[in-house]
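Engineer: My structure file target.txt, compact mmCIF, C-alpha atoms and all ligand atoms, is below:
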# COMPACT_ATOMS: atom_id res chain seq x y z
CA MET A 382 -33.18 -29.77 8.44
CA GLN A 383 -34.04 -26.37 9.92
CA ILE A 384 -32.88 -25.49 13.44
CA THR A 385 -35.82 -24.39 15.63
CA GLY A 386 -33.71 -22.99 18.44
CA ILE A 387 -30.86 -23.61 20.82
CA GLU A 388 -30.86 -24.13 24.57
CA LEU A 389 -27.86 -23.13 26.67
CA ARG A 390 -27.86 -25.09 29.91
CA ARG A 391 -25.41 -24.47 32.73
CA ILE A 392 -24.79 -27.37 35.09
CA ALA A 393 -22.69 -27.77 38.26
CA MET A 394 -21.13 -31.21 38.70
CA PRO A 395 -19.38 -31.89 42.03
CA LEU A 396 -16.07 -33.74 41.54
CA VAL A 397 -15.46 -36.93 43.55
CA ALA A 398 -12.18 -35.35 44.76
CA PRO A 399 -10.50 -31.98 44.14
CA PHE A 400 -8.39 -31.99 40.94
CA ARG A 401 -5.12 -30.06 41.35
CA THR A 402 -2.89 -29.03 38.45
CA SER A 403 0.00 -26.59 38.09
CA PHE A 404 -2.58 -23.81 37.48
CA GLY A 405 -5.13 -24.43 40.21
CA THR A 406 -7.56 -26.72 42.02
CA GLU A 407 -11.13 -27.54 40.92
CA THR A 408 -13.80 -29.02 43.18
CA THR A 409 -16.85 -28.60 40.94
CA ARG A 410 -17.07 -28.89 37.16
CA ASP A 411 -19.00 -25.89 35.86
CA VAL A 412 -20.26 -26.97 32.41
CA LEU A 413 -22.15 -25.28 29.60
CA LEU A 414 -24.25 -27.72 27.57
CA VAL A 415 -25.75 -26.84 24.19
CA ARG A 416 -28.97 -28.44 22.91
CA VAL A 417 -29.78 -27.87 19.24
CA VAL A 418 -33.46 -28.47 18.50
CA THR A 419 -34.85 -29.39 15.06
CA PRO A 420 -38.35 -30.72 14.21
CA ASP A 421 -36.96 -34.28 13.91
CA ALA A 422 -34.14 -34.54 16.43
CA GLU A 423 -32.19 -32.81 19.16
CA GLY A 424 -28.44 -32.72 19.42
CA TRP A 425 -26.14 -32.17 22.40
CA GLY A 426 -22.77 -30.49 22.68
CA GLU A 427 -20.56 -29.88 25.71
CA CYS A 428 -18.41 -26.77 26.05
CA VAL A 429 -15.14 -27.70 27.79
CA ALA A 430 -14.21 -24.20 28.98
CA MET A 431 -13.48 -23.91 32.72
CA SER A 432 -15.05 -21.37 35.11
CA GLU A 433 -11.85 -19.33 35.01
CA PRO A 434 -9.40 -18.70 32.14
CA LEU A 435 -6.53 -20.73 33.68
CA TYR A 436 -6.03 -23.57 31.21
CA SER A 437 -6.66 -21.30 28.21
CA SER A 438 -8.17 -17.85 27.65
CA GLU A 439 -11.70 -19.25 27.40
CA TYR A 440 -14.06 -19.43 30.39
CA VAL A 441 -17.69 -20.47 30.77
CA ASP A 442 -19.33 -17.03 31.09
CA GLY A 443 -17.30 -15.84 28.10
CA ALA A 444 -18.32 -18.88 26.05
CA ALA A 445 -22.02 -18.34 26.84
CA ASP A 446 -21.71 -14.65 25.95
CA VAL A 447 -19.97 -15.21 22.60
CA MET A 448 -22.44 -17.96 21.72
CA ARG A 449 -25.54 -15.86 22.31
CA ARG A 450 -24.19 -12.59 20.89
CA PHE A 451 -22.09 -13.73 17.93
CA LEU A 452 -21.88 -17.47 17.22
CA ILE A 453 -25.52 -18.57 17.35
CA PRO A 454 -26.67 -15.63 15.16
CA ALA A 455 -23.98 -16.64 12.60
CA LEU A 456 -24.91 -20.34 12.46
CA PRO A 457 -26.34 -21.75 9.23
CA ARG A 458 -30.13 -22.05 9.43
CA THR A 459 -29.99 -25.77 8.65
CA ALA A 460 -28.36 -28.45 10.81
CA ASP A 461 -25.41 -29.05 8.44
CA PRO A 462 -22.32 -29.89 10.52
CA GLN A 463 -19.85 -29.23 7.67
CA ALA A 464 -21.22 -25.68 7.29
CA VAL A 465 -20.75 -24.71 10.95
CA GLY A 466 -16.96 -24.15 10.88
CA PRO A 467 -16.97 -21.93 7.77
CA ALA A 468 -19.99 -19.93 9.07
CA LEU A 469 -18.24 -19.23 12.40
CA ALA A 470 -14.76 -18.62 10.94
CA PRO A 471 -15.12 -14.79 10.74
CA ILE A 472 -15.37 -14.69 14.54
CA ARG A 473 -11.87 -15.00 15.96
CA GLY A 474 -10.90 -17.54 18.57
CA HIS A 475 -13.48 -18.94 21.03
CA ARG A 476 -12.75 -22.44 19.80
CA MET A 477 -14.32 -24.22 22.78
CA ALA A 478 -17.60 -22.34 22.24
CA LYS A 479 -17.52 -23.11 18.49
CA ALA A 480 -16.72 -26.78 19.14
CA ALA A 481 -19.76 -27.19 21.41
CA LEU A 482 -22.10 -25.72 18.80
CA GLU A 483 -20.63 -27.82 15.99
CA ALA A 484 -20.90 -30.97 18.13
CA ALA A 485 -24.57 -30.29 18.91
CA VAL A 486 -25.39 -29.71 15.23
CA LEU A 487 -23.46 -32.85 14.29
CA ASP A 488 -25.30 -34.90 16.94
CA ALA A 489 -28.70 -33.65 15.72
CA SER A 490 -27.91 -34.43 12.08
CA LEU A 491 -26.51 -37.89 12.87
CA ARG A 492 -29.54 -38.77 14.99
CA ILE A 493 -31.68 -38.01 11.93
CA THR A 494 -29.60 -40.22 9.61
CA GLY A 495 -29.03 -42.90 12.26
CA GLU A 496 -25.24 -42.83 11.93
CA SER A 497 -22.99 -42.95 15.03
CA PHE A 498 -20.35 -40.32 15.84
CA GLY A 499 -17.67 -42.99 15.59
CA HIS A 500 -18.76 -44.17 12.14
CA TYR A 501 -19.03 -40.58 10.87
CA LEU A 502 -15.56 -39.67 12.13
CA GLY A 503 -13.92 -42.83 10.78
CA ALA A 504 -13.48 -44.98 13.89
CA THR A 505 -11.86 -48.35 13.24
CA ARG A 506 -12.35 -49.89 16.71
CA ASP A 507 -15.36 -50.55 18.93
CA ARG A 508 -13.50 -50.00 22.22
CA VAL A 509 -10.57 -47.85 23.28
CA PRO A 510 -7.85 -48.33 25.92
CA CYS A 511 -8.03 -45.74 28.69
CA GLY A 512 -5.53 -43.76 30.68
CA VAL A 513 -6.11 -41.68 33.78
CA SER A 514 -4.87 -38.19 34.72
CA VAL A 515 -3.73 -37.96 38.35
CA GLY A 516 -3.73 -34.56 40.03
CA ILE A 517 -1.05 -33.14 42.31
CA THR A 518 -1.54 -34.53 45.84
CA GLY A 519 -0.52 -33.34 49.30
CA SER A 520 2.17 -36.01 49.70
CA VAL A 521 3.97 -38.76 47.79
CA ALA A 522 2.28 -41.39 50.01
CA GLU A 523 -1.14 -40.05 49.00
CA LEU A 524 -0.09 -40.08 45.33
CA LEU A 525 1.02 -43.72 45.54
CA ASP A 526 -2.31 -44.73 47.10
CA THR A 527 -4.23 -42.82 44.43
CA VAL A 528 -2.25 -44.36 41.57
CA ALA A 529 -2.58 -47.84 43.13
CA ALA A 530 -6.37 -47.54 43.14
CA TYR A 531 -6.44 -46.51 39.45
CA VAL A 532 -4.08 -49.33 38.43
CA GLU A 533 -6.33 -51.71 40.39
CA GLU A 534 -9.35 -50.39 38.42
CA GLY A 535 -7.58 -51.34 35.20
CA TYR A 536 -6.32 -48.10 33.70
CA VAL A 537 -3.66 -49.00 31.15
CA ARG A 538 -1.70 -45.75 31.43
CA VAL A 539 -1.09 -43.19 34.17
CA LYS A 540 -0.45 -39.47 33.67
CA LEU A 541 0.91 -37.47 36.58
CA LYS A 542 0.31 -33.75 36.78
CA ILE A 543 3.61 -32.02 37.53
CA GLY A 544 4.88 -28.51 38.24
CA PRO A 545 7.92 -26.84 39.81
CA GLY A 546 8.38 -28.49 43.23
CA TRP A 547 6.32 -31.56 42.26
CA ASP A 548 8.17 -33.42 39.51
CA VAL A 549 11.26 -35.63 39.92
CA THR A 550 10.41 -36.91 43.43
CA PRO A 551 6.80 -38.05 42.75
CA VAL A 552 7.71 -39.44 39.31
CA ARG A 553 10.60 -41.48 40.78
CA ALA A 554 8.35 -42.76 43.58
CA VAL A 555 5.63 -43.91 41.15
CA ARG A 556 8.16 -45.56 38.82
CA GLU A 557 9.83 -47.39 41.75
CA ARG A 558 6.55 -48.54 43.28
CA PHE A 559 4.79 -49.71 40.08
CA GLY A 560 7.78 -50.91 38.08
CA GLU A 561 9.07 -50.42 34.57
CA ASP A 562 6.03 -51.94 32.83
CA LEU A 563 3.62 -49.18 33.90
CA LEU A 564 2.87 -46.83 30.98
CA LEU A 565 3.66 -43.50 32.62
CA GLN A 566 3.66 -39.91 31.37
CA VAL A 567 3.57 -36.40 32.87
CA ASP A 568 1.74 -33.13 32.16
CA ALA A 569 3.16 -29.75 33.24
CA ASN A 570 0.37 -27.53 31.86
CA ALA A 571 2.92 -24.94 30.70
CA ALA A 572 4.50 -24.47 34.15
CA TYR A 573 8.21 -24.39 33.13
CA THR A 574 10.53 -22.25 31.02
CA LEU A 575 13.47 -23.20 28.83
CA ALA A 576 15.72 -22.24 31.75
CA ASP A 577 14.43 -25.44 33.43
CA ALA A 578 15.78 -27.67 30.61
CA ARG A 579 18.50 -29.31 32.74
CA HIS A 580 16.06 -29.98 35.54
CA LEU A 581 13.49 -31.49 33.16
CA ALA A 582 16.23 -33.72 31.71
CA ARG A 583 16.30 -35.49 35.10
CA LEU A 584 12.93 -36.99 34.12
CA ASP A 585 14.71 -38.86 31.29
CA ALA A 586 15.76 -41.47 33.88
CA PHE A 587 12.17 -42.70 34.35
CA ASP A 588 11.30 -43.95 30.84
CA LEU A 589 8.26 -41.74 30.42
CA LEU A 590 6.06 -42.13 27.35
CA LEU A 591 6.12 -38.35 27.00
CA ILE A 592 6.16 -35.00 28.77
CA GLU A 593 3.07 -32.92 27.93
CA GLN A 594 3.23 -29.14 27.47
CA PRO A 595 6.30 -28.34 29.58
CA LEU A 596 6.54 -24.71 28.35
CA ALA A 597 4.14 -21.87 27.61
CA ASP A 598 1.50 -22.31 24.93
CA ASP A 599 3.13 -19.78 22.57
CA ASP A 600 6.68 -21.17 23.08
CA LEU A 601 6.83 -23.37 19.95
CA VAL A 602 10.44 -22.48 19.18
CA GLN A 603 11.49 -23.06 22.79
CA HIS A 604 9.75 -26.47 22.74
CA ALA A 605 11.81 -27.32 19.63
CA ARG A 606 15.00 -26.38 21.51
CA LEU A 607 13.92 -28.36 24.57
CA ALA A 608 13.15 -31.39 22.40
CA ARG A 609 16.82 -31.48 21.34
CA THR A 610 17.99 -31.64 24.97
CA LEU A 611 15.51 -34.25 26.30
CA ARG A 612 15.31 -37.97 25.62
CA THR A 613 11.67 -37.93 26.79
CA PRO A 614 9.37 -37.19 23.82
CA ILE A 615 7.54 -33.85 23.97
CA CYS A 616 3.76 -33.82 23.51
CA LEU A 617 1.92 -30.55 22.96
CA ASP A 618 -1.54 -29.77 24.35
CA GLU A 619 -2.22 -26.04 24.97
CA SER A 620 0.05 -25.00 22.04
CA ILE A 621 -2.05 -26.77 19.39
CA GLU A 622 -5.26 -24.87 18.64
CA SER A 623 -5.61 -25.88 14.96
CA ALA A 624 -4.30 -28.17 12.25
CA ALA A 625 -2.13 -25.24 11.11
CA HIS A 626 -0.52 -25.10 14.57
CA ALA A 627 0.06 -28.85 14.44
CA ALA A 628 1.72 -28.52 11.03
CA ALA A 629 3.96 -25.72 12.34
CA ALA A 630 4.92 -27.70 15.46
CA ILE A 631 5.80 -30.78 13.40
CA THR A 632 7.84 -28.73 10.92
CA LEU A 633 9.74 -27.03 13.75
CA GLY A 634 10.39 -30.27 15.61
CA ALA A 635 8.57 -28.84 18.64
CA CYS A 636 6.83 -32.14 19.44
CA SER A 637 6.73 -35.77 18.44
CA VAL A 638 3.29 -36.46 19.94
CA VAL A 639 0.05 -34.40 19.93
CA ASN A 640 -2.74 -34.39 22.51
CA VAL A 641 -5.98 -33.86 20.55
CA LYS A 642 -8.79 -32.12 22.44
CA PRO A 643 -11.73 -31.26 20.19
CA GLY A 644 -12.74 -28.27 22.33
CA ARG A 645 -9.27 -26.73 22.25
CA VAL A 646 -9.08 -26.96 18.43
CA GLY A 647 -12.60 -25.76 17.60
CA GLY A 648 -14.42 -29.02 17.05
CA TYR A 649 -14.42 -32.69 16.09
CA LEU A 650 -13.91 -31.95 12.40
CA GLU A 651 -10.72 -29.95 13.07
CA ALA A 652 -9.68 -32.68 15.53
CA ARG A 653 -10.02 -35.22 12.72
CA ARG A 654 -7.92 -33.01 10.42
CA ILE A 655 -5.17 -32.95 13.06
CA HIS A 656 -5.41 -36.73 13.36
CA ASP A 657 -5.05 -37.08 9.57
CA LEU A 658 -2.12 -34.65 9.41
CA CYS A 659 -0.24 -36.27 12.30
CA ARG A 660 -0.87 -39.77 10.97
CA ALA A 661 0.58 -38.78 7.59
CA HIS A 662 3.69 -37.48 9.38
CA GLY A 663 4.10 -40.49 11.67
CA VAL A 664 3.29 -38.34 14.72
CA ALA A 665 1.32 -40.22 17.37
CA VAL A 666 -1.87 -38.66 18.74
CA TRP A 667 -4.03 -39.41 21.74
CA CYS A 668 -7.34 -38.00 22.95
CA GLY A 669 -7.10 -35.53 25.82
CA GLY A 670 -9.75 -34.87 28.41
CA MET A 671 -11.34 -31.81 30.01
CA LEU A 672 -13.34 -33.51 32.79
CA GLU A 673 -16.24 -34.01 30.41
CA THR A 674 -19.65 -35.31 31.40
CA GLY A 675 -21.03 -38.30 29.50
CA ILE A 676 -21.99 -35.97 26.62
CA GLY A 677 -18.46 -34.85 25.80
CA ARG A 678 -17.03 -38.20 26.87
CA ALA A 679 -19.17 -40.11 24.33
CA ALA A 680 -17.82 -37.99 21.49
CA ASN A 681 -14.22 -38.22 22.74
CA VAL A 682 -14.38 -42.01 22.95
CA ALA A 683 -15.65 -42.10 19.35
CA LEU A 684 -12.77 -39.86 18.22
CA ALA A 685 -10.23 -41.95 20.17
CA ALA A 686 -11.29 -44.98 18.09
CA LEU A 687 -9.73 -43.50 14.91
CA PRO A 688 -6.66 -45.42 13.69
CA GLY A 689 -4.06 -42.72 14.40
CA PHE A 690 -4.92 -42.62 18.12
CA THR A 691 -2.14 -45.04 18.96
CA LEU A 692 -1.61 -44.00 22.59
CA PRO A 693 -4.19 -44.41 25.40
CA GLY A 694 -6.13 -41.19 26.03
CA ASP A 695 -7.43 -39.33 29.09
CA THR A 696 -10.77 -40.96 28.26
CA SER A 697 -11.45 -42.18 31.79
CA ALA A 698 -14.62 -43.69 33.19
CA SER A 699 -17.34 -41.35 34.48
CA ARG A 700 -16.60 -42.29 38.11
CA ARG A 701 -13.01 -40.95 37.84
CA TYR A 702 -14.64 -37.52 38.13
CA PHE A 703 -18.32 -37.77 39.03
CA GLY A 704 -20.43 -39.64 41.57
CA THR A 705 -23.38 -39.31 39.18
CA ASP A 706 -22.94 -38.56 35.48
CA VAL A 707 -25.68 -36.85 33.45
CA THR A 708 -25.76 -39.84 31.06
CA PRO A 709 -25.62 -43.51 31.95
CA PRO A 710 -22.06 -43.84 33.26
CA PHE A 711 -19.10 -44.84 31.07
CA GLU A 712 -17.56 -47.83 32.83
CA LEU A 713 -14.16 -49.41 32.39
CA SER A 714 -14.00 -53.02 31.26
CA GLY A 715 -10.52 -54.51 31.08
CA GLY A 716 -9.08 -51.00 30.94
CA HIS A 717 -11.25 -50.07 27.94
CA LEU A 718 -14.38 -48.05 27.24
CA ASP A 719 -16.86 -49.14 24.58
CA VAL A 720 -17.45 -46.74 21.71
CA PRO A 721 -21.18 -45.90 21.66
CA ALA A 722 -22.81 -47.50 18.60
CA GLY A 723 -26.21 -45.72 18.61
CA ALA A 724 -27.20 -42.78 16.43
CA GLY A 725 -25.27 -39.57 17.05
CA LEU A 726 -23.51 -39.58 20.42
CA GLY A 727 -25.38 -42.77 21.28
CA VAL A 728 -26.12 -41.42 24.76
CA GLU A 729 -28.52 -38.84 26.14
CA PRO A 730 -28.78 -36.97 29.41
CA ILE A 731 -31.08 -38.54 31.99
CA PRO A 732 -33.74 -35.80 32.48
CA ASP A 733 -34.02 -36.09 36.28
CA VAL A 734 -30.25 -36.08 36.79
CA LEU A 735 -29.84 -33.20 34.36
CA ASN A 736 -32.47 -31.11 36.12
CA GLU A 737 -30.87 -31.84 39.49
CA VAL A 738 -27.53 -30.32 38.43
CA THR A 739 -28.89 -27.48 36.27
CA THR A 740 -28.18 -23.97 37.55
CA ALA A 741 -29.52 -21.95 34.59
CA THR A 742 -31.19 -22.45 31.20
CA GLU A 743 -31.66 -20.06 28.33
CA TRP A 744 -33.68 -20.65 25.14
CA ILE A 745 -32.50 -18.89 22.01
CA PRO A 746 -35.14 -19.16 19.24
CA PHE A 747 -33.99 -19.23 15.62
C1 LIG B 801 -4.92 -31.39 30.49
N1 LIG B 801 -6.92 -32.35 31.62
O1 LIG B 801 -4.67 -32.37 29.83
C2 LIG B 801 -6.27 -31.20 31.17
C3 LIG B 801 -6.35 -29.95 31.90
C4 LIG B 801 -7.43 -29.65 32.85
C5 LIG B 801 -7.57 -34.53 32.34
O2 LIG B 801 -5.47 -33.63 32.78
C6 LIG B 801 -11.60 -28.41 35.33
C7 LIG B 801 -11.95 -28.48 34.01
C8 LIG B 801 -10.31 -28.66 35.71
C9 LIG B 801 -11.01 -28.81 33.04
C10 LIG B 801 -8.04 -29.26 35.12
C11 LIG B 801 -6.55 -33.47 32.27
C12 LIG B 801 -9.35 -29.00 34.75
C13 LIG B 801 -9.69 -29.07 33.41
C14 LIG B 801 -7.11 -29.60 34.16
C15 LIG B 801 -8.73 -29.40 32.48
O3 LIG B 801 -4.09 -30.50 30.53
MG MG B 802 -2.60 -31.32 29.20
As structure tokens, what does this structure read like?
Ligand code: NPQ
Ligand code: MG
Structural biologist:
Amino acid sequence: MQITGIELRRIAMPLVAPFRTSFGTETTRDVLLVRVVTPDAEGWGECVAMSEPLYSSEYVDGAADVMRRFLIPALPRTADPQAVGPALAPIRGHRMAKAALEAAVLDASLRITGESFGHYLGATRDRVPCGVSVGITGSVAELLDTVAAYVEEGYVRVKLKIGPGWDVTPVRAVRERFGEDLLLQVDANAAYTLADARHLARLDAFDLLLIEQPLADDDLVQHARLARTLRTPICLDESIESAAHAAAAITLGACSVVNVKPGRVGGYLEARRIHDLCRAHGVAVWCGGMLETGIGRAANVALAALPGFTLPGDTSASRRYFGTDVTPPFELSGGHLDVPAGAGLGVEPIPDVLNEVTTATEWIPF
């Protein structure tokens, strides 16, 4: 199936509350959507880069630039999802931009064949348990209220964002208030160094499922050293940009859990390869989140339904982040989200809502 052209659409999605991490605070999600058009179907992809290069080196303007100047001209002429990765491989990096293009091509091709994302990827469940990521708050009291509301909504696992000055005290408070049965984990977004090892070992007292990305993204060896001094399992996020990185981290003993984010690793096909690799090594994986709209969320929920995703993901409901989603909202039911069963992503943007939040569109003919 020939590709007619590609639309790049920039949208601005106000967040229901500011989201603070160790690297900054976001109040609006600035998203680049990709629409691949063929004579028989359209496909959507969501680029998870942030406005600024704070989580990783990618950022939205950079992603749009590399797409229009280098990636889109290099795409195969036909909507063949398996051919996208190899065609884009000569261009270094820019995995979030590549992932969005591959996802849009995959969605278009699946809508033609009628197969769902979940079925194509190898999902073995029709619903997935959901966790929630809780930002840094102004006080412990505010954190406890925030966590209480999420637990009340049914989230089966809570992840607290931590950083120097916001770690042992809030974690202890949440553990004491909600008890030992709450599935609890933390995410440092690379805010510590190996010199903090003794301090981080204080978190061992709180029976955390894992500590996510305590050290810098390129500190694989230091993570391996830290792993030998902590009882809390180490999970890597920012460090793992490919299946090769995952293999290296496992071999080094740098982590015993992997957060899989399709954008960070260059697409859903590479994400599946990481799932397969980790599963073969007995390393648990879970699906991360990048404050996706319903487009990216639909694909993540499908991925999270693969058998190796044995821990609840950051696959929260739409309302965790947005008052109005661009698709019909993903809603929690008994702490789970349903995996869309329709062709492709199984969801589409609602035209009026999409137009309301659109700040720019660009049509790139093929
Ligand atoms: C993480 N996400 O696991 C990321 C990081 C993150 C759900 O904790 C705007 C856009 C703000 C993307 C903040 C979660 C963000 C963002 C944090 C991603 O590390
Ligand atoms: Mg993380």
Engineer: Which is closest to ligand MG 802 (chain B) among A:Gly694, A:Gly474, A:Gly716, A:Pro467, if we use all atoms listed in the file?
Structural biologist: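 Once distances to ligand MG 802 (chain B) are computed over all atoms listed in the file, the minimum belongs to A:Gly694.
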Engineer: Identify, counting only C-alpha atoms and all ligand atoms, the protein, DNA and RNA residues located within 9 Å of ligand MG 802 (chain B), and give them as a PyMOL selection string.
Structural biologist: chain A and resi 436+542+567-571+593-594+616-619+640+669-671
Engineer: Looking at A:Gln603, A:Tyr501, A:Tyr702, A:Met382, which one is nearest to Ala398 of chain A, with distances taken over all atoms listed in the file?
Structural biologist: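 Selected residue with least distance to Ala398 of chain A: A:Tyr702.
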Engineer: So which residues touch Asn681 of chain A within 10 Å, counting only C-alpha atoms, skipping near sequence neighbours fewer than 4 positions away, as a list in words?
Structural biologist: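 Here the answer would be Phe498, Gly499, Val641, Lys642, Pro643, Tyr649, Cys668, Gly669, Gly670, Glu673, Gly675, Ile676, Gly677, Ala685, Ala686, Gly694, Asp695, Thr696, Val720 and Leu726 of chain A.
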Engineer: Tell me, in Å to one decimal, how far atom CA of Ile384 of chain A is from atom CA of Asp488 of chain A.
Structural biologist: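 Atom-to-atom, atom CA of Ile384 of chain A to atom CA of Asp488 of chain A, that is 12.6 Å.
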Engineer: Could you check how far atom CA of Ser697 of chain A sits from atom CA of Gly512 of chain A, in Å to one decimal?
Structural biologist: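 Straight-line distance from atom CA of Ser697 of chain A to atom CA of Gly512 of chain A works out to 6.2 Å.
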Engineer: Between A:Gly516, A:Gly466, A:Gly663, A:Pro395, which one has atoms that come closest to Val738 of chain A, using all atoms listed in the file?
Structural biologist: A:Pro395
Engineer: When you draw a straight line from atom CA of Ala481 of chain A to atom CA of Leu541 of chain A, how long is it in Å?
Structural biologist: 27.6 Å
Engineer: Could you name the residues that touch segment 727-733 of chain A at 10 Å or less, counting all atoms listed in the file, but leaving out those on the same chain fewer than 4 positions away, as a compact mmCIF listing (two decimals) with C-alpha atoms, in the coordinates of the input?
Structural biologist:
# COMPACT_ATOMS: atom_id res chain seq x y z
CA GLU A 423 -32.19 -32.81 19.16
CA GLY A 424 -28.44 -32.72 19.42
CA TRP A 425 -26.14 -32.17 22.40
CA ASP A 488 -25.30 -34.90 16.94
CA LEU A 491 -26.51 -37.89 12.87
CA ARG A 492 -29.54 -38.77 14.99
CA GLY A 495 -29.03 -42.90 12.26
CA GLU A 496 -25.24 -42.83 11.93
CA SER A 497 -22.99 -42.95 15.03
CA PHE A 498 -20.35 -40.32 15.84
CA GLY A 499 -17.67 -42.99 15.59
CA THR A 674 -19.65 -35.31 31.40
CA GLY A 675 -21.03 -38.30 29.50
CA ILE A 676 -21.99 -35.97 26.62
CA ARG A 678 -17.03 -38.20 26.87
CA ALA A 679 -19.17 -40.11 24.33
CA ALA A 680 -17.82 -37.99 21.49
CA ALA A 683 -15.65 -42.10 19.35
CA ASP A 706 -22.94 -38.56 35.48
CA VAL A 707 -25.68 -36.85 33.45
CA THR A 708 -25.76 -39.84 31.06
CA PRO A 709 -25.62 -43.51 31.95
CA PRO A 710 -22.06 -43.84 33.26
CA VAL A 720 -17.45 -46.74 21.71
CA PRO A 721 -21.18 -45.90 21.66
CA ALA A 722 -22.81 -47.50 18.60
CA GLY A 723 -26.21 -45.72 18.61
CA GLU A 737 -30.87 -31.84 39.49
CA VAL A 738 -27.53 -30.32 38.43
Engineer: May I ask which of the residues A:Leu607, A:Ile621, A:Ala455, A:Arg553 is the closest one to Asp588 of chain A, counting only C-alpha atoms?
Structural biologist: A:Arg553
Engineer: Would you kindly return, as a PDB file with C-alpha atoms, in the coordinates of the input, each protein, DNA or RNA residue with an atom no farther than 10 Å from any atom of Arg583 of chain A, considering only C-alpha atoms and excluding same-chain residues fewer than 6 positions away?
Structural biologist:
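Written out: result-v8.pdb:
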ATOM      1  CA  ASP A 548       8.170 -33.420  39.510  1.00  0.00           C
ATOM      2  CA  VAL A 549      11.260 -35.630  39.920  1.00  0.00           C
ATOM      3  CA  LEU A 611      15.510 -34.250  26.300  1.00  0.00           C
ATOM      4  CA  ARG A 612      15.310 -37.970  25.620  1.00  0.00           C
ATOM      5  CA  THR A 613      11.670 -37.930  26.790  1.00  0.00           C
TER       6      THR A 613
END
Engineer: Given the choices A:Ser438, A:Ser514, A:Thr740, A:Ser490, which gets closest to Ala478 of chain A if the distance is worked out from only C-alpha atoms?
Structural biologist: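 Looking only at the distances to Ala478 of chain A, the closest residue turns out to be A:Ser438.
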Engineer: My list of candidates is A:Gly546, A:Pro434, A:Pro746, A:Gly634. Which is closest to Ala572 of chain A when distances are computed with all atoms listed in the file?
Structural biologist: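 Closest to Ala572 of chain A, using all atoms listed in the file: A:Gly546.
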Engineer: Where's the centre, and what are the edge lengths in Å to one decimal, of a box along x, y and z enclosing all listed atoms of ligand LIG 801 (chain B) padded 5 Å per side, as AutoDock Vina command-line options?
Structural biologist:
--center_x -8.0 --center_y -31.5 --center_z 32.8 --size_x 17.9 --size_y 16.1 --size_z 15.9
